[in-house]
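Reviewing the structure listed below.
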Amino acid sequence: MTEELEFQRQVESNFRWNFAVNTIDLSFYTFGFTLVSQSTIMPLLVSHLTPSKLLIGLIPATYSLGFLLPQLLTANFAESLRRKLPFVKLVGGRAERTPFLWISLVLWLLAKPSPTLTMVAFFLLLAATAAGNGVCTPAWYDLIAKVIPVSHRGLWSGVSNSLGAFMGIAGAYVAGRILVGKPFPDNFALCFLITSAAMLISWFGLASNREPVSPTFKPTIGLGSYFRQLPGVLRRDRNYVHFLIGRSVANLGGMAAGFFMVYGVERFSLGGAEAGALTAVLVGSQALMNLLLGNLGDRRGHKLVLMLGAFAMALAAVAAWMASSPAWLYVAFALLGAGMAADMVSGMNIILEFCAPEDRPTYIGLTNTLLAPAKTLSPILGGWLATLVGYPPMFLVALVVSVLGGLLYAAWVREPRHNPQPGGQVN
């Protein structure tokens, strides 16, 4: 009991510091990703290297697969760590952030003489940063849950992502100027170089956490025994299963997100300046909605936020489907930003409310691993449909599936904050 009281004392005394340094971490990470957005900049880059729509769809698919699949492999290990920070610093620095610098160098050196080799290297490095992120995520988000109380996690997510998005508005303007003002591939290489600098600042924020030693932890067990006990989590908590199904359907509904920019380029001949402007609309929407949805998640629960996010993605698909001029794409990107903000604010925070503190890494890893098939299939399905029947019918399919995901959240999932946690532990 004394150890628990000391733990709570350290959490309270270091709360402001940890809130600040984790805001620096997440905001600069968000800013860096904005400069090479998976919804605008990366598809534009790949379209310079290949005309294949399926390969453009592989951008979010590669990242999702690399990020989601490794998490169960490290969740058991993360639960045994009384301090998560040393592990997260190591993996988050070397494996997660360094590949952006390597992508920049590859583009500078190889894009013109060997576009095919450049494309292969780009996807490998994208998979590497995604895998680094996935490997450390169970430990990292358990660290966040330790140092930031549940009453302030939505606020922290909202403030951090909004600050990163506000910086990203300026970054999007700079990215647009770079794309227009410099020749290919120097323009994209410079964007990735600036991103790598932002990622370095992010890492210093991460490394500055003041993490107390956990009063409870689980000893590591054999991986086979650990995996055999995981089905018990699903049998024990039907509401959690309903959440996983609803989230999977909503993720499938996001199949159109990576194709709005390429559609605009093909139909309306958009260039680098328009790509920068649309990126600014995207991150501006995220900045505003992160704050609003973070506050809503703290007050009303994160299920509601995710449901609203699914409907926002449906409306984004409607705007793209109806687009008769570039103006409609600005509406689509504003709604896409709202949907992405909902995912950023509540996608991870809701998981922490399904379980006891000592089970958090397992629930994070299990959730993200089980969501991997839908998250990975979604953009590939979008690319396949766009190739087979064209963009507008694909947008219509995305609309229908997103609405279904939102309805499943509304009718089938109980807010876990107001639902007793299932009894028993994972291992």
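Chain lettering (A, B, ...) mirrors the order of the structure tokens, residue numbering begins at 1 for each chain separately, and ligand numbering begins at 1 in order of display.
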
Residues near segment 5-9 of chain A, cut-off 10 Å, only C-alpha atoms, skip fewer than 3 positions along chain, as number ranges by chain: A: 1-2, 12-15, 146-147, 211-215

Hey, what does DSSP flag as alpha helix (DSSP H) within segment 36-226 of chain A? Can you give it to me as number ranges by chain? A: 41-49, 53-68, 71-79, 85-91, 99-110, 115-147, 150-181, 186-207, 223-226

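For the residues A:Gly181, A:Gly339, A:Gly382, A:Gly57, ranking by smallest atom-to-atom distance to Ala316 of chain A using only C-alpha atoms places A:Gly339 first.
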
Nearby residues (only C-alpha atoms) at most 7 Å from Phe260 of chain A, same-chain spacing under 4 positions excluded, as a JSON list (two decimals) with C-alpha atoms, in the first residue's frame:
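The resulting file, selection_30.json, is shown below:
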[["chain", "number", "residue", "atom", "x", "y", "z"],
["A", 256, "ALA", "CA", -10.92, 6.24, -49.71],
["A", 264, "GLY", "CA", -7.80, 15.52, -57.58],
["A", 320, "ALA", "CA", -15.33, 13.37, -53.00]]

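If only C-alpha atoms are the atoms counted, then among A:Leu234, A:Leu370, A:Asp186, A:Val150 the closest residue to His302 of chain A is A:Val150.
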
Between segment 229-340 of chain A and segment 46-56 of chain A, at 8 Å or less, what are the per-residue closest atom pairs and their distances in Å? Count only C-alpha atoms, order by chain and rising residue number, and return it as JSON lines.
{"residue": "A:Gly258", "atom": "CA", "partner": "A:Ile56", "partner_atom": "CA", "distance": 7.6}
{"residue": "A:Phe259", "atom": "CA", "partner": "A:Ile56", "partner_atom": "CA", "distance": 7.8}
{"residue": "A:Val262", "atom": "CA", "partner": "A:Ser47", "partner_atom": "CA", "distance": 7.8}

Report as a PyMOL selection string all protein, DNA and RNA residues lying within 10 Å of Gly134 of chain A, evaluated on only C-alpha atoms, omitting residues in the same chain fewer than 4 positions from it. chain A and resi 63-74+91-92+96+128-130+138-140+365+368-369
